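Shown here: query.csv, CSV, C-alpha atoms.
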chain,number,residue,atom,x,y,z
A,1,MET,CA,-2.2,-31.6,36.4
A,2,LEU,CA,-4.2,-31.5,33.2
A,3,GLU,CA,-2.7,-28.1,32.3
A,4,LEU,CA,0.8,-29.6,32.8
A,5,LEU,CA,-0.1,-32.5,30.5
A,6,GLY,CA,-1.4,-29.9,28.0
A,7,TYR,CA,2.0,-28.1,27.9
A,8,ILE,CA,3.8,-31.4,27.6
A,9,GLY,CA,1.5,-32.1,24.7
A,10,ALA,CA,2.5,-28.7,23.2
A,11,LEU,CA,6.2,-29.6,23.5
A,12,PHE,CA,5.5,-33.0,21.8
A,13,ILE,CA,3.6,-31.3,18.9
A,14,GLY,CA,6.6,-29.2,18.1
A,15,LEU,CA,9.0,-32.1,18.6
A,16,VAL,CA,7.2,-34.3,16.1
A,17,LEU,CA,6.8,-31.3,13.7
A,18,GLY,CA,10.5,-30.6,13.8
A,19,ILE,CA,11.6,-34.3,13.3
A,20,THR,CA,9.2,-35.3,10.6
A,21,GLY,CA,8.4,-32.0,8.9
A,22,GLY,CA,4.7,-32.5,9.5
A,23,GLY,CA,2.2,-34.6,11.4
A,24,GLY,CA,2.6,-33.0,14.8
A,25,SER,CA,0.0,-30.4,14.0
A,26,ILE,CA,-2.6,-33.1,13.8
A,27,LEU,CA,-2.3,-33.6,17.6
A,28,THR,CA,-3.0,-30.0,18.5
A,29,VAL,CA,-6.8,-30.2,18.5
A,30,PRO,CA,-7.1,-33.4,20.5
A,31,VAL,CA,-4.7,-32.0,23.1
A,32,LEU,CA,-6.8,-28.8,23.4
A,33,VAL,CA,-10.2,-30.7,23.4
A,34,TYR,CA,-9.5,-33.8,25.4
A,35,ILE,CA,-6.8,-32.7,27.8
A,36,LEU,CA,-7.5,-29.0,28.3
A,37,ASN,CA,-11.3,-29.2,27.7
A,38,TYR,CA,-11.6,-26.5,25.1
A,39,ASN,CA,-14.7,-26.3,22.9
A,40,PRO,CA,-13.8,-27.8,19.4
A,41,ILE,CA,-14.6,-24.5,17.7
A,42,ILE,CA,-12.2,-22.6,19.9
A,43,ALA,CA,-9.7,-25.5,19.7
A,44,THR,CA,-9.6,-25.4,15.9
A,45,ALA,CA,-9.1,-21.7,15.9
A,46,TYR,CA,-6.2,-21.8,18.5
A,47,SER,CA,-4.7,-24.8,16.6
A,48,LEU,CA,-4.3,-22.6,13.5
A,49,PHE,CA,-2.3,-20.0,15.4
A,50,ILE,CA,-0.2,-22.7,17.2
A,51,VAL,CA,0.5,-24.7,14.0
A,52,GLY,CA,1.1,-21.5,11.9
A,53,THR,CA,3.6,-20.0,14.4
A,54,THR,CA,5.4,-23.3,15.1
A,55,SER,CA,5.6,-24.1,11.4
A,56,GLY,CA,6.9,-20.6,10.8
A,57,PHE,CA,10.0,-21.3,12.9
A,58,GLY,CA,10.5,-24.6,11.1
A,59,THR,CA,10.2,-22.8,7.8
A,60,ILE,CA,13.0,-20.4,8.7
A,61,GLN,CA,15.3,-23.4,9.4
A,62,ASN,CA,14.3,-25.0,6.1
A,63,PHE,CA,15.0,-21.7,4.2
A,64,LYS,CA,18.6,-21.9,5.6
A,65,LYS,CA,18.9,-25.4,4.3
A,66,GLY,CA,17.6,-24.5,0.8
A,67,LEU,CA,14.6,-26.8,1.2
A,68,VAL,CA,11.9,-24.1,0.4
A,69,VAL,CA,10.8,-23.0,-3.0
A,70,PRO,CA,9.0,-19.7,-2.4
A,71,LYS,CA,7.5,-19.2,-5.9
A,72,THR,CA,6.0,-22.7,-5.8
A,73,ALA,CA,4.9,-22.2,-2.2
A,74,MET,CA,2.9,-19.0,-3.1
A,75,GLN,CA,1.4,-20.6,-6.2
A,76,PHE,CA,0.1,-23.5,-4.0
A,77,ALA,CA,-0.7,-21.3,-1.0
A,78,ILE,CA,-3.0,-18.8,-2.6
A,79,PRO,CA,-5.9,-21.1,-3.5
A,80,SER,CA,-5.8,-23.0,-0.2
A,81,LEU,CA,-5.4,-19.8,2.0
A,82,ILE,CA,-8.5,-18.4,0.4
A,83,GLY,CA,-10.4,-21.6,1.3
A,84,VAL,CA,-9.1,-21.4,4.9
A,85,TYR,CA,-10.0,-17.8,5.4
A,86,ILE,CA,-13.5,-18.2,3.9
A,87,THR,CA,-14.1,-21.3,6.1
A,88,ARG,CA,-13.0,-19.6,9.4
A,89,LYS,CA,-14.6,-16.3,8.7
A,90,PHE,CA,-17.9,-17.4,7.1
A,91,ILE,CA,-18.6,-21.1,7.0
A,92,VAL,CA,-17.7,-22.3,10.6
A,93,PRO,CA,-19.8,-19.5,12.3
A,94,LYS,CA,-22.8,-20.4,10.0
A,95,ILE,CA,-22.8,-24.2,10.8
A,96,PRO,CA,-25.9,-24.7,13.0
A,97,GLU,CA,-25.4,-25.8,16.6
A,98,THR,CA,-27.4,-29.0,15.8
A,99,ILE,CA,-26.8,-30.5,12.4
A,100,PHE,CA,-29.7,-33.0,12.5
A,101,TYR,CA,-31.9,-35.1,14.7
A,102,PHE,CA,-32.5,-38.8,14.2
A,103,GLY,CA,-35.0,-40.0,16.9
A,104,SER,CA,-33.3,-39.4,20.2
A,105,ILE,CA,-29.9,-39.0,18.5
A,106,GLN,CA,-28.6,-35.6,17.5
A,107,LEU,CA,-25.4,-34.5,15.8
A,108,SER,CA,-24.0,-31.3,17.2
A,109,LYS,CA,-21.7,-28.9,15.5
A,110,GLU,CA,-18.9,-29.8,17.9
A,111,THR,CA,-19.3,-33.5,17.3
A,112,PHE,CA,-19.6,-33.0,13.5
A,113,LEU,CA,-16.2,-31.2,13.4
A,114,MET,CA,-14.5,-33.8,15.6
A,115,LEU,CA,-15.8,-36.6,13.4
A,116,ILE,CA,-14.3,-34.8,10.3
A,117,PHE,CA,-11.1,-34.5,12.3
A,118,ALA,CA,-11.1,-38.2,13.1
A,119,VAL,CA,-11.4,-39.1,9.4
A,120,VAL,CA,-8.6,-36.7,8.5
A,121,MET,CA,-6.4,-38.2,11.3
A,122,PHE,CA,-7.1,-41.6,9.7
A,123,MET,CA,-6.0,-40.3,6.3
A,124,ALA,CA,-2.9,-38.7,7.8
A,125,ALA,CA,-2.0,-42.0,9.5
A,126,TYR,CA,-2.3,-43.8,6.2
A,127,SER,CA,-0.1,-41.2,4.5
A,128,MET,CA,2.6,-41.6,7.2
A,129,LEU,CA,2.4,-45.4,7.2
A,130,LYS,CA,2.5,-45.7,3.4
A,131,ASP,CA,6.0,-46.4,2.0
A,132,LYS,CA,7.4,-43.5,-0.1
A,133,LYS,CA,10.5,-43.3,-2.1
A,134,GLU,CA,12.9,-40.5,-1.0
A,135,ASN,CA,12.9,-38.7,-4.3
A,136,GLU,CA,9.6,-39.8,-5.6
A,137,VAL,CA,8.4,-37.8,-8.6
A,138,VAL,CA,5.1,-38.6,-10.2
A,139,ASP,CA,4.0,-37.3,-13.6
A,140,PHE,CA,0.8,-35.2,-13.3
A,141,LYS,CA,-0.1,-34.8,-16.9
A,142,THR,CA,-3.6,-36.2,-16.4
A,143,LYS,CA,-4.7,-33.1,-14.4
A,144,SER,CA,-4.8,-29.5,-15.5
A,145,LEU,CA,-3.6,-26.5,-13.4
A,146,LEU,CA,-7.3,-25.5,-12.9
A,147,VAL,CA,-8.1,-28.9,-11.3
A,148,VAL,CA,-5.1,-28.6,-9.0
A,149,ILE,CA,-6.2,-25.0,-8.0
A,150,ILE,CA,-9.7,-26.3,-7.2
A,151,GLN,CA,-8.3,-29.2,-5.2
A,152,LEU,CA,-6.1,-26.9,-3.2
A,153,PHE,CA,-9.1,-24.6,-2.5
A,154,PHE,CA,-10.9,-27.5,-1.0
A,155,VAL,CA,-7.8,-28.5,1.0
A,156,GLY,CA,-8.0,-25.0,2.4
A,157,ILE,CA,-11.6,-25.6,3.4
A,158,LEU,CA,-10.7,-28.8,5.1
A,159,ILE,CA,-7.8,-27.1,7.0
A,160,GLY,CA,-10.2,-24.4,8.1
A,161,LEU,CA,-12.7,-26.9,9.4
A,162,ILE,CA,-10.2,-29.0,11.5
A,163,GLY,CA,-7.5,-26.5,12.3
A,164,ALA,CA,-4.7,-28.7,11.2
A,165,GLY,CA,-1.9,-28.0,8.7
A,166,GLY,CA,-2.9,-30.4,6.0
A,167,GLY,CA,0.6,-31.2,5.0
A,168,PHE,CA,-0.2,-34.8,4.2
A,169,LEU,CA,-2.6,-33.4,1.5
A,170,ILE,CA,-0.3,-30.7,0.2
A,171,ILE,CA,2.9,-32.7,0.0
A,172,PRO,CA,1.5,-35.2,-2.6
A,173,ALA,CA,0.4,-32.2,-4.8
A,174,LEU,CA,3.9,-30.7,-4.6
A,175,LEU,CA,5.4,-34.1,-5.5
A,176,LYS,CA,3.1,-34.7,-8.4
A,177,PHE,CA,2.5,-31.3,-9.9
A,178,ALA,CA,5.6,-29.2,-9.0
A,179,LYS,CA,7.8,-32.3,-9.3
A,180,LEU,CA,9.8,-31.4,-6.1
A,181,PRO,CA,12.0,-33.9,-4.3
A,182,MET,CA,10.5,-35.3,-1.1
A,183,LYS,CA,12.6,-33.2,1.3
A,184,THR,CA,12.0,-30.0,-0.6
A,185,ALA,CA,8.3,-30.8,-0.8
A,186,ILE,CA,8.2,-31.2,3.0
A,187,GLY,CA,10.0,-27.9,3.5
A,188,THR,CA,7.8,-26.0,1.0
A,189,SER,CA,4.7,-27.6,2.5
A,190,LEU,CA,5.7,-26.3,6.0
A,191,PHE,CA,5.9,-22.8,4.5
A,192,ILE,CA,2.4,-23.2,2.9
A,193,ILE,CA,1.0,-24.5,6.2
A,194,THR,CA,2.4,-21.4,8.0
A,195,ILE,CA,0.7,-19.0,5.5
A,196,ASN,CA,-2.6,-21.0,5.5
A,197,SER,CA,-2.8,-21.3,9.3
A,198,LEU,CA,-2.1,-17.7,10.2
A,199,ILE,CA,-4.3,-16.3,7.5
A,200,GLY,CA,-7.1,-18.6,8.6
A,201,PHE,CA,-6.6,-17.5,12.2
A,202,THR,CA,-7.2,-13.9,11.2
A,203,GLY,CA,-10.8,-14.9,10.3
A,204,ASP,CA,-11.2,-16.2,13.8
A,205,VAL,CA,-9.8,-13.0,15.4
A,206,GLN,CA,-12.8,-11.2,13.9
A,207,ASN,CA,-15.3,-13.7,15.2
A,208,MET,CA,-14.2,-14.6,18.8
A,209,GLU,CA,-12.3,-13.3,21.8
A,210,ILE,CA,-8.8,-14.8,22.0
A,211,ASP,CA,-7.3,-15.9,25.3
A,212,TRP,CA,-3.7,-14.7,24.5
A,213,LEU,CA,-2.6,-15.4,28.1
A,214,PHE,CA,-3.0,-19.1,27.3
A,215,LEU,CA,-2.2,-19.1,23.6
A,216,ILE,CA,1.2,-17.4,23.7
A,217,PRO,CA,2.7,-19.7,26.5
A,218,PHE,CA,1.3,-22.9,24.8
A,219,THR,CA,2.6,-21.9,21.4
A,220,THR,CA,6.0,-21.1,23.0
A,221,PHE,CA,6.3,-24.6,24.3
A,222,SER,CA,5.4,-25.9,20.8
A,223,VAL,CA,8.1,-23.7,19.3
A,224,ILE,CA,10.7,-25.0,21.8
A,225,GLY,CA,9.6,-28.5,20.7
A,226,ILE,CA,10.2,-27.8,17.0
A,227,PHE,CA,13.8,-26.6,17.7
A,228,ILE,CA,14.5,-29.7,19.8
A,229,GLY,CA,13.1,-31.8,17.0
A,230,LEU,CA,15.1,-30.1,14.3
A,231,TYR,CA,18.3,-30.6,16.4
A,232,ILE,CA,17.8,-34.3,17.2
A,233,GLN,CA,16.4,-35.3,13.7
A,234,HIS,CA,20.0,-35.9,12.6
A,235,TYR,CA,20.5,-38.6,15.3
A,236,ILE,CA,17.4,-40.7,14.9
A,237,ASN,CA,15.8,-42.8,12.1
A,238,GLU,CA,13.1,-40.4,10.8
A,239,LYS,CA,11.4,-43.1,8.7
A,240,HIS,CA,10.9,-45.5,11.7
A,241,LEU,CA,9.8,-42.6,13.9
A,242,LYS,CA,7.2,-41.6,11.3
A,243,LYS,CA,5.8,-45.1,11.2
A,244,ILE,CA,5.5,-45.2,15.0
A,245,PHE,CA,3.8,-41.8,15.0
A,246,GLY,CA,1.5,-43.0,12.1
A,247,PHE,CA,0.3,-45.9,14.3
A,248,PHE,CA,-0.2,-43.4,17.2
A,249,VAL,CA,-2.3,-41.1,15.0
A,250,LEU,CA,-4.3,-44.1,13.7
A,251,ILE,CA,-5.1,-45.1,17.3
A,252,MET,CA,-6.0,-41.5,18.1
A,253,SER,CA,-8.5,-41.4,15.2
A,254,PHE,CA,-10.3,-44.4,16.6
A,255,PHE,CA,-10.2,-42.9,20.1
A,256,ILE,CA,-11.9,-39.7,18.8
A,257,LEU,CA,-14.6,-41.8,17.0
A,258,TYR,CA,-15.2,-43.8,20.2
A,259,LYS,CA,-15.3,-40.6,22.4
A,260,GLU,CA,-17.7,-38.7,20.1
A,261,LEU,CA,-20.0,-41.6,19.1
A,262,LEU,CA,-20.0,-44.1,22.0
A,263,SER,CA,-19.0,-42.4,25.2
Is it possible to give me this structure as structure tokens?
Amino acid sequence: MLELLGYIGALFIGLVLGITGGGGSILTVPVLVYILNYNPIIATAYSLFIVGTTSGFGTIQNFKKGLVVPKTAMQFAIPSLIGVYITRKFIVPKIPETIFYFGSIQLSKETFLMLIFAVVMFMAAYSMLKDKKENEVVDFKTKSLLVVIIQLFFVGILIGLIGAGGGFLIIPALLKFAKLPMKTAIGTSLFIITINSLIGFTGDVQNMEIDWLFLIPFTTFSVIGIFIGLYIQHYINEKHLKKIFGFFVLIMSFFILYKELLS
């Protein structure tokens, strides 16, 4: 029964990713951890493959629509993918199993990563619930290219820690610095997420044994979901759906905090 719910979750992840251009990936780790009972370390690794592969199919569709700017994507992807790879290959394996003790309370590596994930989910929910203009373009004169590169590198580290795409962090940078329209920023972000996630996953392949018999079918369901989402996005109100999904992600962030700290 739980396995069936997990595959339904995979379909839903792709569905939301196809409809909104982002956001669905944030659900991958909770589905793997709380429904399928995977260790958070393994879950974040598998999430990178699932998100990267699913986003890749979405990117192909966006290329056909002219909503991807490859040159800009590569400029933004390189600093962040370096951060993702370093995190998955070197940082995550070096995090101690117990972060600290405080009396009878201890913070484990798994709980630490899930708490970071909950905070990121809260930020993602805020990003989805915040009103944005369709063609919002913000001047970015106050920051240099070097500052943006450093920020993208740390975005890569965050993506590596939580195993999610980070589109809600990348899209604002594309809007502000590359001055892309919203739809093109979303399409280009999906391409960057594909590169980041799959490169990050190569760091995990070198550190752990991958259960391909689970990962391939699960990812297939997610890919099916993104095609369904891309098909039906023309028939629904994307803005209203994104608001609803934003509230759902917000509730999920509090659920994770409760699960990790109080249960």
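Minimum atom-to-atom distance to His234 of chain A, evaluated using all atoms listed in the file, belongs to A:Ile19 out of A:Ile86, A:Ile199, A:Ile19, A:Leu152.
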Item to complete: Kindly give the distance, in Å, that separates atom CA of Gln75 of chain A and atom CA of Lys176 of chain A, rounded to a single decimal.
Response: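 Going from atom CA of Gln75 of chain A over to atom CA of Lys176 of chain A covers 14.4 Å.
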Could I get the residues of segment 57-168 of chain A with an atom no further than 12 Å from an atom of segment 205-214 of chain A, each paired with its nearest atom pair and that distance in Å to one decimal, using all atoms listed in the file, sorted by chain and residue number, as CSV?
residue,atom,partner,partner_atom,distance
A:Tyr85,CA,A:Val205,CA,11.1
A:Thr87,CA,A:Asn207,CA,11.9
A:Arg88,CA,A:Asn207,CA,8.6
A:Lys89,CA,A:Asn207,CA,7.0
A:Phe90,CA,A:Asn207,CA,9.3
A:Ile91,CA,A:Asn207,CA,11.5
A:Val92,CA,A:Asn207,CA,10.0
A:Pro93,CA,A:Asn207,CA,7.9
A:Lys94,CA,A:Asn207,CA,11.3
Dump of C-alpha atoms for the selected residues, as a PDB file, keeping the file's coordinate frame:
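Dumped everything to again_2.pdb:
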ATOM      1  CA  TYR A  85     -10.000 -17.800   5.400  1.00  0.00           C
ATOM      2  CA  THR A  87     -14.100 -21.300   6.100  1.00  0.00           C
ATOM      3  CA  ARG A  88     -13.000 -19.600   9.400  1.00  0.00           C
ATOM      4  CA  LYS A  89     -14.600 -16.300   8.700  1.00  0.00           C
ATOM      5  CA  PHE A  90     -17.900 -17.400   7.100  1.00  0.00           C
ATOM      6  CA  ILE A  91     -18.600 -21.100   7.000  1.00  0.00           C
ATOM      7  CA  VAL A  92     -17.700 -22.300  10.600  1.00  0.00           C
ATOM      8  CA  PRO A  93     -19.800 -19.500  12.300  1.00  0.00           C
ATOM      9  CA  LYS A  94     -22.800 -20.400  10.000  1.00  0.00           C
TER      10      LYS A  94
END
Please tabulate, as a Markdown table, the residues of segment 162-217 of chain A that come within 8 Å of segment 29-53 of chain A, each with its closest pair of atoms and the distance in Å to one decimal, counting all atoms listed in the file and ordering rows by chain, then residue number upward.
| residue | atom | partner | partner_atom | distance |
| --- | --- | --- | --- | --- |
| A:Ile162 | CA | A:Thr44 | CA | 5.7 |
| A:Gly163 | CA | A:Thr44 | CA | 4.3 |
| A:Ala164 | CA | A:Leu48 | CA | 6.5 |
| A:Gly165 | CA | A:Val51 | CA | 6.7 |
| A:Ile193 | CA | A:Gly52 | CA | 6.4 |
| A:Thr194 | CA | A:Gly52 | CA | 4.1 |
| A:Ile195 | CA | A:Gly52 | CA | 6.9 |
| A:Asn196 | CA | A:Gly52 | CA | 7.4 |
| A:Ser197 | CA | A:Leu48 | CA | 4.6 |
| A:Leu198 | CA | A:Gly52 | CA | 5.3 |
| A:Gly200 | CA | A:Leu48 | CA | 6.9 |
| A:Phe201 | CA | A:Leu48 | CA | 5.7 |
| A:Asp204 | CA | A:Ala45 | CA | 6.3 |
| A:Leu215 | CA | A:Tyr46 | CA | 7.0 |
Kindly export the residues of the current selection with C-alpha atoms, as a CSV table (one decimal), keeping the file's coordinate frame.
chain,number,residue,atom,x,y,z
A,162,ILE,CA,-10.2,-29.0,11.5
A,163,GLY,CA,-7.5,-26.5,12.3
A,164,ALA,CA,-4.7,-28.7,11.2
A,165,GLY,CA,-1.9,-28.0,8.7
A,193,ILE,CA,1.0,-24.5,6.2
A,194,THR,CA,2.4,-21.4,8.0
A,195,ILE,CA,0.7,-19.0,5.5
A,196,ASN,CA,-2.6,-21.0,5.5
A,197,SER,CA,-2.8,-21.3,9.3
A,198,LEU,CA,-2.1,-17.7,10.2
A,200,GLY,CA,-7.1,-18.6,8.6
A,201,PHE,CA,-6.6,-17.5,12.2
A,204,ASP,CA,-11.2,-16.2,13.8
A,215,LEU,CA,-2.2,-19.1,23.6
ask   = Using all atoms listed in the file, which of A:Met121, A:Val16, A:Ile256, A:Ile8 sits nearest Ile226 of chain A?
value =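 The answer is A:Val16, which sits nearest to Ile226 of chain A.
Of the listed residues A:Gly9, A:Val155, A:Ala125, A:Asn62, the one whose atoms come nearest to Phe76 of chain A is A:Val155, with distances taken using only C-alpha atoms.
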